[in-house]
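Here is the file model-v3.tsv (TSV, C-alpha atoms and all ligand atoms).
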chain	number	residue	atom	x	y	z
T	839	MET	CA	65.10	6.43	120.64
T	840	TYR	CA	62.86	4.51	122.97
T	841	ALA	CA	59.76	6.18	124.36
T	842	ILE	CA	60.62	4.86	127.79
T	843	GLU	CA	63.91	3.41	128.90
T	844	ALA	CA	64.65	2.35	132.45
T	845	VAL	CA	68.06	0.96	133.30
T	846	ASP	CA	68.93	-0.81	136.54
T	847	LEU	CA	66.55	1.12	138.74
T	848	VAL	CA	66.99	0.59	142.43
T	849	LYS	CA	64.62	2.00	145.03
T	850	ARG	CA	64.68	1.41	148.77
T	851	PHE	CA	62.10	2.61	151.23
T	852	VAL	CA	63.24	3.16	154.77
T	853	GLY	CA	60.65	2.82	157.44
T	854	TYR	CA	60.30	2.15	161.13
T	855	GLU	CA	58.63	-0.84	162.61
T	856	ARG	CA	57.24	-0.84	166.15
T	857	ILE	CA	58.70	-3.62	168.27
T	858	GLY	CA	57.20	-2.90	171.64
T	859	PHE	CA	55.69	0.12	173.23
T	860	ILE	CA	58.39	2.63	172.48
T	861	LYS	CA	61.11	0.73	170.69
T	862	LYS	CA	61.29	0.98	166.95
T	863	ARG	CA	63.41	-0.87	164.47
T	864	LYS	CA	64.58	0.53	161.19
T	865	THR	CA	63.36	-1.47	158.23
T	866	VAL	CA	64.43	-1.25	154.64
T	867	VAL	CA	62.20	-2.42	151.82
T	868	GLU	CA	63.96	-2.90	148.52
T	869	ALA	CA	61.11	-2.18	146.17
T	870	LEU	CA	63.23	-2.19	143.01
T	871	LYS	CA	66.42	-4.17	142.69
T	872	GLY	CA	67.77	-3.34	139.28
T	873	LEU	CA	64.69	-2.97	137.16
T	874	SER	CA	65.20	-2.41	133.44
T	875	LEU	CA	62.64	-2.07	130.69
T	876	ARG	CA	62.20	-0.41	127.34
T	877	VAL	CA	59.02	0.69	125.63
T	878	ASN	CA	58.89	1.65	121.96
T	879	TRP	CA	56.76	4.29	120.33
T	880	HIS	CA	53.56	2.79	118.96
T	881	GLU	CA	53.60	0.23	121.71
T	882	VAL	CA	51.47	-0.75	124.68
T	883	TYR	CA	53.60	-2.35	127.39
T	884	GLY	CA	52.03	-4.15	130.31
T	885	LEU	CA	53.77	-4.48	133.63
T	886	LEU	CA	52.46	-7.46	135.50
T	887	GLY	CA	53.34	-8.78	138.88
T	888	PRO	CA	52.04	-9.82	142.26
T	889	ASN	CA	51.14	-7.31	144.96
T	890	GLY	CA	54.17	-5.45	146.21
T	891	ALA	CA	56.35	-6.45	143.24
T	892	GLY	CA	57.25	-2.84	142.45
T	893	LYS	CA	54.88	-1.86	139.64
T	894	THR	CA	53.58	1.36	141.13
T	895	THR	CA	57.06	2.28	142.32
T	896	THR	CA	58.29	1.91	138.75
T	897	VAL	CA	55.49	4.08	137.40
T	898	LYS	CA	56.17	6.71	140.06
T	899	ILE	CA	59.86	6.86	139.20
T	900	LEU	CA	59.15	7.11	135.49
T	901	SER	CA	56.66	9.89	136.12
T	902	THR	CA	59.09	11.85	138.35
T	903	LEU	CA	57.11	11.35	141.57
T	904	LEU	CA	59.89	9.32	143.16
T	905	ILE	CA	63.65	9.54	142.72
T	906	PRO	CA	65.54	6.27	142.26
T	907	ASP	CA	68.47	5.44	144.54
T	908	SER	CA	70.45	4.33	141.53
T	909	GLY	CA	70.01	3.56	137.89
T	910	TYR	CA	68.44	5.96	135.44
T	911	ALA	CA	65.42	6.35	133.22
T	912	LEU	CA	64.62	8.35	130.11
T	913	VAL	CA	61.12	9.23	129.01
T	914	ASP	CA	60.68	10.78	125.58
T	915	GLY	CA	64.45	11.21	125.67
T	916	HIS	CA	64.50	13.17	128.93
T	917	ASP	CA	66.12	12.04	132.15
T	918	VAL	CA	63.44	11.58	134.82
T	919	VAL	CA	65.62	13.11	137.53
T	920	LYS	CA	67.63	15.79	135.74
T	921	GLU	CA	64.92	16.91	133.33
T	922	ALA	CA	61.86	16.24	135.42
T	923	SER	CA	59.82	19.15	134.11
T	924	ALA	CA	60.34	18.14	130.47
T	925	VAL	CA	59.28	14.62	131.43
T	926	ARG	CA	56.16	15.92	133.15
T	927	ARG	CA	55.11	17.76	130.02
T	928	ALA	CA	55.60	14.65	127.92
T	929	ILE	CA	53.54	12.28	130.04
T	930	GLY	CA	50.00	11.61	131.09
T	931	LEU	CA	49.59	9.75	134.34
T	932	VAL	CA	46.83	7.80	136.02
T	933	LEU	CA	47.67	6.46	139.44
T	934	TYR	CA	45.50	4.25	141.52
T	935	PRO	CA	43.93	5.31	143.81
T	936	ASP	CA	43.52	8.64	142.20
T	937	LYS	CA	43.92	11.90	144.04
T	938	GLY	CA	43.95	15.53	143.19
T	939	PHE	CA	40.54	16.35	141.81
T	940	TYR	CA	38.58	19.18	143.35
T	941	SER	CA	35.47	17.67	144.83
T	942	ARG	CA	33.26	20.76	144.52
T	943	LEU	CA	34.20	21.41	140.91
T	944	SER	CA	32.46	19.57	138.12
T	945	GLY	CA	34.24	17.05	135.96
T	946	PHE	CA	34.38	19.61	133.19
T	947	GLU	CA	35.77	22.35	135.45
T	948	ASN	CA	38.37	19.97	136.82
T	949	LEU	CA	39.58	19.07	133.35
T	950	VAL	CA	39.71	22.68	132.23
T	951	TYR	CA	41.65	23.55	135.35
T	952	PHE	CA	44.26	20.87	134.65
T	953	GLY	CA	44.38	21.84	130.98
T	954	ARG	CA	45.18	25.41	132.01
T	955	LEU	CA	47.93	24.10	134.31
T	956	TYR	CA	49.50	22.51	131.26
T	957	GLY	CA	49.43	25.85	129.52
T	958	LEU	CA	46.40	25.40	127.25
T	959	SER	CA	44.37	28.50	126.47
T	960	LYS	CA	40.92	28.67	128.05
T	961	ARG	CA	39.30	27.89	124.72
T	962	ASP	CA	41.58	24.98	123.91
T	963	ALA	CA	41.25	23.58	127.41
T	964	GLU	CA	37.46	23.71	127.21
T	965	ALA	CA	37.35	22.16	123.77
T	966	ARG	CA	39.73	19.41	124.77
T	967	ALA	CA	37.85	18.78	128.03
T	968	ARG	CA	34.58	18.41	126.12
T	969	GLU	CA	36.16	16.06	123.62
T	970	LEU	CA	37.66	13.85	126.32
T	971	LEU	CA	34.49	13.79	128.39
T	972	GLY	CA	32.69	12.57	125.31
T	973	LEU	CA	35.35	9.99	124.63
T	974	MET	CA	35.11	8.69	128.20
T	975	GLY	CA	31.32	8.61	128.16
T	976	LEU	CA	30.99	11.33	130.77
T	977	GLU	CA	29.20	13.99	128.77
T	978	ASP	CA	25.96	13.54	130.71
T	979	SER	CA	27.69	14.10	134.04
T	980	MET	CA	30.21	16.71	132.97
T	981	ASN	CA	28.53	19.44	135.00
T	982	ARG	CA	28.01	17.46	138.17
T	983	PRO	CA	30.45	17.99	141.02
T	984	TYR	CA	33.26	15.45	141.25
T	985	GLU	CA	32.18	14.40	144.75
T	986	GLU	CA	29.02	12.93	143.26
T	987	TYR	CA	30.91	10.81	140.77
T	988	SER	CA	30.89	7.04	141.17
T	989	LEU	CA	34.12	5.08	141.35
T	990	GLY	CA	33.98	4.22	137.67
T	991	MET	CA	33.25	7.81	136.67
T	992	ARG	CA	36.23	8.96	138.71
T	993	ALA	CA	38.46	6.41	137.02
T	994	ARG	CA	37.34	7.62	133.61
T	995	LEU	CA	37.82	11.25	134.56
T	996	ALA	CA	41.35	10.40	135.70
T	997	ILE	CA	42.12	8.99	132.27
T	998	ALA	CA	40.65	12.07	130.62
T	999	ARG	CA	42.86	14.27	132.78
T	1000	ALA	CA	45.94	12.27	131.83
T	1001	LEU	CA	45.25	13.00	128.18
T	1002	ILE	CA	44.29	16.66	128.44
T	1003	HIS	CA	47.61	17.94	127.02
T	1004	ASP	CA	47.84	15.18	124.41
T	1005	PRO	CA	51.05	13.68	125.84
T	1006	PRO	CA	53.14	11.29	123.73
T	1007	VAL	CA	53.72	8.92	126.65
T	1008	VAL	CA	50.97	7.64	128.91
T	1009	PHE	CA	51.28	5.78	132.23
T	1010	LEU	CA	48.26	3.96	133.53
T	1011	ASP	CA	48.44	2.25	136.92
T	1012	GLU	CA	45.54	-0.20	136.96
T	1013	PRO	CA	43.38	1.81	134.55
T	1014	THR	CA	40.32	-0.42	134.57
T	1015	ILE	CA	40.09	-1.26	138.25
T	1016	GLY	CA	36.58	-0.55	139.48
T	1017	LEU	CA	35.18	-0.12	135.98
T	1018	ASP	CA	32.17	-2.04	134.78
T	1019	PRO	CA	32.77	-4.35	131.79
T	1020	ILE	CA	31.49	-1.87	129.24
T	1021	SER	CA	33.58	1.02	130.52
T	1022	ALA	CA	36.58	-1.29	130.80
T	1023	ARG	CA	36.15	-2.23	127.18
T	1024	GLU	CA	35.95	1.43	126.21
T	1025	VAL	CA	39.17	2.08	128.06
T	1026	ARG	CA	40.91	-0.78	126.29
T	1027	ARG	CA	39.75	0.63	122.98
T	1028	LEU	CA	41.06	4.02	123.96
T	1029	ILE	CA	44.43	2.50	124.85
T	1030	ARG	CA	44.63	0.88	121.43
T	1031	ASP	CA	43.72	4.21	119.84
T	1032	LEU	CA	46.57	5.87	121.71
T	1033	ARG	CA	48.94	3.33	120.26
T	1034	GLY	CA	47.41	3.99	116.85
T	1035	GLU	CA	48.37	7.63	117.23
T	1036	GLY	CA	51.97	6.54	117.75
T	1037	LYS	CA	52.07	7.05	121.49
T	1038	ALA	CA	53.70	4.77	124.01
T	1039	VAL	CA	51.56	3.40	126.81
T	1040	LEU	CA	52.83	1.66	129.93
T	1041	LEU	CA	50.13	0.11	132.04
T	1042	THR	CA	50.00	-2.09	135.08
T	1043	SER	CA	47.20	-4.47	135.71
T	1044	HIS	CA	46.16	-7.57	137.58
T	1045	ASN	CA	43.80	-8.53	134.86
T	1046	LEU	CA	45.88	-10.90	132.77
T	1047	TRP	CA	43.26	-11.47	130.21
T	1048	GLU	CA	43.04	-7.74	129.64
T	1049	VAL	CA	46.80	-7.40	129.40
T	1050	GLU	CA	46.89	-10.16	126.88
T	1051	GLU	CA	44.27	-8.43	124.83
T	1052	VAL	CA	45.68	-4.95	124.83
T	1053	CYS	CA	49.46	-5.18	125.25
T	1054	ASP	CA	52.04	-5.68	122.54
T	1055	ARG	CA	54.64	-6.63	125.09
T	1056	VAL	CA	54.52	-7.65	128.68
T	1057	GLY	CA	57.08	-7.63	131.46
T	1058	ILE	CA	56.50	-9.78	134.48
T	1059	ILE	CA	58.00	-8.21	137.54
T	1060	SER	CA	58.76	-10.03	140.72
T	1061	HIS	CA	60.74	-8.79	143.71
T	1062	GLY	CA	61.73	-5.57	142.00
T	1063	ARG	CA	63.03	-6.96	138.72
T	1064	VAL	CA	61.59	-7.79	135.33
T	1065	ILE	CA	62.07	-11.54	135.19
T	1066	ILE	CA	60.58	-12.27	131.80
T	1067	GLU	CA	59.58	-10.05	128.92
T	1068	GLY	CA	58.07	-10.41	125.48
T	1069	SER	CA	54.80	-10.52	123.62
T	1070	PRO	CA	52.16	-12.53	125.45
T	1071	ARG	CA	52.60	-15.21	122.82
T	1072	ASP	CA	56.42	-15.26	123.16
T	1073	ILE	CA	56.18	-15.61	126.89
T	1074	LYS	CA	53.82	-18.51	126.67
T	1075	GLU	CA	55.93	-20.17	124.02
T	1076	ARG	CA	59.15	-19.70	125.91
T	1077	LEU	CA	57.60	-21.36	128.90
T	1078	GLY	CA	56.76	-24.29	126.68
T	1079	PHE	CA	53.03	-23.89	126.88
T	1080	LYS	CA	51.00	-25.89	124.46
T	1081	TYR	CA	47.62	-25.50	122.92
T	1082	VAL	CA	45.03	-28.15	123.57
T	1083	VAL	CA	43.21	-29.34	120.48
T	1084	GLU	CA	39.84	-30.81	121.30
T	1085	LEU	CA	37.60	-32.77	118.97
T	1086	GLU	CA	34.15	-34.16	119.60
T	1087	VAL	CA	33.60	-37.13	117.30
T	1088	GLU	CA	30.58	-39.31	116.76
T	1089	ARG	CA	30.06	-42.78	115.29
T	1090	ASP	CA	27.13	-45.17	115.65
T	1091	GLY	CA	25.46	-42.75	118.01
T	1092	LYS	CA	28.42	-42.80	120.38
T	1093	VAL	CA	30.15	-39.50	121.18
T	1094	GLU	CA	33.80	-39.30	122.16
T	1095	VAL	CA	36.03	-36.39	123.02
T	1096	VAL	CA	39.61	-36.47	121.79
T	1097	ARG	CA	42.26	-34.16	123.19
T	1098	GLU	CA	45.83	-33.60	122.14
T	1099	GLU	CA	48.44	-31.08	123.26
T	1100	SER	CA	50.33	-29.28	120.53
T	1101	ARG	CA	52.52	-26.33	119.75
T	1102	ASP	CA	51.08	-26.14	116.26
T	1103	PRO	CA	47.37	-26.52	116.81
T	1104	VAL	CA	46.22	-25.99	113.24
T	1105	THR	CA	48.34	-28.82	111.86
T	1106	THR	CA	47.31	-31.08	114.69
T	1107	LEU	CA	43.66	-30.24	114.16
T	1108	ARG	CA	43.93	-31.06	110.46
T	1109	ARG	CA	45.65	-34.36	111.11
T	1110	LEU	CA	43.09	-35.41	113.72
T	1111	MET	CA	40.18	-34.43	111.49
T	1112	ASP	CA	41.58	-36.38	108.53
T	1113	GLN	CA	42.25	-39.37	110.74
T	1114	PHE	CA	38.79	-39.48	112.29
T	1115	THR	CA	36.79	-38.75	109.15
T	1116	GLY	CA	38.89	-41.44	107.41
T	1117	ASP	CA	37.80	-43.86	110.13
T	1118	GLY	CA	34.16	-43.03	109.46
T	1119	TYR	CA	33.56	-40.65	112.34
T	1120	ARG	CA	31.49	-37.55	112.11
T	1121	ILE	CA	33.08	-34.53	113.71
T	1122	SER	CA	30.55	-32.58	115.72
T	1123	ARG	CA	32.71	-29.95	117.39
T	1124	VAL	CA	36.28	-28.69	117.42
T	1125	ARG	CA	38.00	-26.38	119.81
T	1126	ILE	CA	41.49	-25.03	120.29
T	1127	ASN	CA	42.25	-23.92	123.81
T	1128	GLU	CA	44.97	-21.37	123.94
T	1129	PRO	CA	47.15	-21.39	127.03
T	1130	SER	CA	46.52	-18.26	128.99
T	1131	LEU	CA	48.98	-15.69	130.16
T	1132	GLU	CA	47.63	-16.40	133.58
T	1133	GLU	CA	49.20	-19.85	133.57
T	1134	ALA	CA	52.48	-18.31	132.49
T	1135	PHE	CA	52.28	-15.71	135.21
T	1136	VAL	CA	51.49	-18.19	137.96
T	1137	ARG	CA	54.33	-20.43	136.86
T	1138	VAL	CA	57.04	-17.75	136.65
T	1139	VAL	CA	56.04	-16.01	139.81
T	1140	SER	CA	55.70	-19.13	141.92
T	1141	ASN	CA	59.13	-20.32	140.77
T	1142	GLU	CA	60.52	-17.08	142.14
T	1143	ARG	CA	59.02	-17.42	145.57
F	1201	LIG	N1	56.12	4.98	150.41
F	1201	LIG	C1	56.50	3.75	150.74
F	1201	LIG	N2	57.11	3.52	151.93
F	1201	LIG	C2	57.53	2.29	152.26
F	1201	LIG	N3	57.42	1.21	151.49
F	1201	LIG	C3	56.84	1.36	150.29
F	1201	LIG	C4	56.35	2.65	149.86
F	1201	LIG	N4	55.80	2.50	148.63
F	1201	LIG	C5	55.96	1.19	148.30
F	1201	LIG	N5	56.58	0.51	149.30
F	1201	LIG	C6	56.93	-0.91	149.30
F	1201	LIG	O1	57.59	-1.20	148.07
F	1201	LIG	C7	57.21	-2.46	147.57
F	1201	LIG	C8	56.66	-2.29	146.15
F	1201	LIG	O2	55.43	-1.57	146.21
F	1201	LIG	P1	54.59	-1.16	144.93
F	1201	LIG	O3	53.50	-0.28	145.36
F	1201	LIG	O4	55.53	-0.65	143.88
F	1201	LIG	O5	54.03	-2.57	144.46
F	1201	LIG	P2	52.98	-2.92	143.31
F	1201	LIG	O6	53.67	-3.88	142.40
F	1201	LIG	O7	52.42	-1.69	142.73
F	1201	LIG	O8	51.86	-3.71	144.12
F	1201	LIG	P3	50.26	-3.74	143.93
F	1201	LIG	O9	50.00	-4.80	142.91
F	1201	LIG	O10	49.78	-4.19	145.28
F	1201	LIG	O11	49.78	-2.39	143.55
F	1201	LIG	C9	56.20	-3.02	148.57
F	1201	LIG	O12	56.90	-3.88	149.43
F	1201	LIG	C10	55.72	-1.79	149.31
F	1201	LIG	O13	55.34	-2.10	150.61
F	1202	MG	MG	50.48	-0.84	142.63
Could you spell out this file's structure in structure tokens?
Amino acid sequence: MYAIEAVDLVKRFVGYERIGFIKKRKTVVEALKGLSLRVNWHEVYGLLGPNGAGKTTTVKILSTLLIPDSGYALVDGHDVVKEASAVRRAIGLVLYPDKGFYSRLSGFENLVYFGRLYGLSKRDAEARARELLGLMGLEDSMNRPYEEYSLGMRARLAIARALIHDPPVVFLDEPTIGLDPISAREVRRLIRDLRGEGKAVLLTSHNLWEVEEVCDRVGIISHGRVIIEGSPRDIKERLGFKYVVELEVERDGKVEVVREESRDPVTTLRRLMDQFTGDGYRISRVRINEPSLEEAFVRVVSNER
């Protein structure tokens, strides 16, 4: 059983556009046009895509906040439409921008409140809230009212809230947006820990470097469909991206830089080193530049436009 399985999801938004003072025209936005994806247990899956591609819509459908027009999705084995309450118990959700905290209550009180909503006893909720506040580096501000929290503190509290009932499946819509580099790194570590506990995590992000670092698999979504999927490495390989092997060599006081593209950088590096040392060069520096997921992303998405 997959942790998350979405099959052919379609979602249209109907709106009205002003075309003059009184006249309105009906508009239909097809946010999802047959989106499918599967996430395994023990896996972090990253949904990438340009603005408006349908990432948040996907997360909202999978977390029962929106109902798809067609297609279906199972989370922890439960249908997101027909068994919405079972799905809600099985998931933790962070949406961006976050809403729903009580501004006068402290971070701690907010977490306890949400823990109680999930059916935890007062004692368990308090213990869990304390633990999560510590994990998110908020212990010093746990008794300050939420309205005094900075953007980054709010983001961290939102993650803590998503984990209060220890859900097996976690959805994170742009979890590190607005976080400083140290907090962002903490969050990435936390995400890896969640995977280590066997959970499934689906996150969206615009930070490709981060996705590459934290995700086992990535789906690139464009115009409401996943157009390519795989591990970051697979995706880059499938697109035919090559490593660049770079060597700085020196002979008779003259420095040269040698570059060669390769799919097998280690072999290439060895060959170049043998060749140049054989020719009496001294090698002063070597570097292998890995193609980035960013290049892959830009290429796939601009082909789609
Ligand atoms: N409630 C809504 N009413 C009308 N249109 C909507 C609504 N929510 C989303 N859309 C439209 O659906 C499309 C997908 O939006 P969505 O928020 O899923 O994109 P996204 O991939 O999360 O983008 P971003 O990277 O900017 O967060 C967009 O064209 C958006 O304008
Ligand atoms: Mg979004």
Taking all atoms of ligand LIG 1201 (chain F) that the file lists and extending 3 Å past them on each side, where is the centre of the axis-aligned box and how long are its edges? Answer in Å to one decimal, as AutoDock Vina command-line options.
--center_x 53.7 --center_y 0.1 --center_z 147.3 --size_x 13.8 --size_y 15.8 --size_z 15.9
Throw together the list of residues within 9 Å of ligand LIG 1201 (chain F), counting all atoms listed in the file, and drop it here as JSON, numbers by chain.
{"T": [849, 850, 851, 852, 853, 866, 867, 868, 869, 870, 885, 886, 887, 888, 889, 890, 891, 892, 893, 894, 895, 896, 897, 898, 934, 1011, 1012, 1042, 1043, 1044, 1059, 1060, 1061, 1062]}
Tell me, as a count of residues only, which residues lie within 7 Å of Asn878 (chain T), counting only C-alpha atoms; anything in the same chain fewer than 5 positions away does not count.
4
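Each of T:Glu1051, T:Glu1067, T:Glu985, T:Asp962 was compared to Gly945 (chain T) using only C-alpha atoms, and T:Glu985 turns out to be the nearest.
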For region 1097-1110 of chain T, list every protein, DNA or RNA residue within 8 Å, evaluated using only C-alpha atoms, and leave out those in the same chain fewer than 2 positions away; present the list as a PDB file with C-alpha atoms, keeping the file's coordinate frame.
ATOM      1  CA  PHE T1079      53.030 -23.890 126.880  1.00  0.00           C
ATOM      2  CA  LYS T1080      51.000 -25.890 124.460  1.00  0.00           C
ATOM      3  CA  TYR T1081      47.620 -25.500 122.920  1.00  0.00           C
ATOM      4  CA  VAL T1082      45.030 -28.150 123.570  1.00  0.00           C
ATOM      5  CA  VAL T1083      43.210 -29.340 120.480  1.00  0.00           C
ATOM      6  CA  GLU T1084      39.840 -30.810 121.300  1.00  0.00           C
ATOM      7  CA  LEU T1085      37.600 -32.770 118.970  1.00  0.00           C
ATOM      8  CA  VAL T1095      36.030 -36.390 123.020  1.00  0.00           C
ATOM      9  CA  ASP T1112      41.580 -36.380 108.530  1.00  0.00           C
ATOM     10  CA  GLN T1113      42.250 -39.370 110.740  1.00  0.00           C
ATOM     11  CA  PHE T1114      38.790 -39.480 112.290  1.00  0.00           C
ATOM     12  CA  ILE T1126      41.490 -25.030 120.290  1.00  0.00           C
TER      13      ILE T1126
END
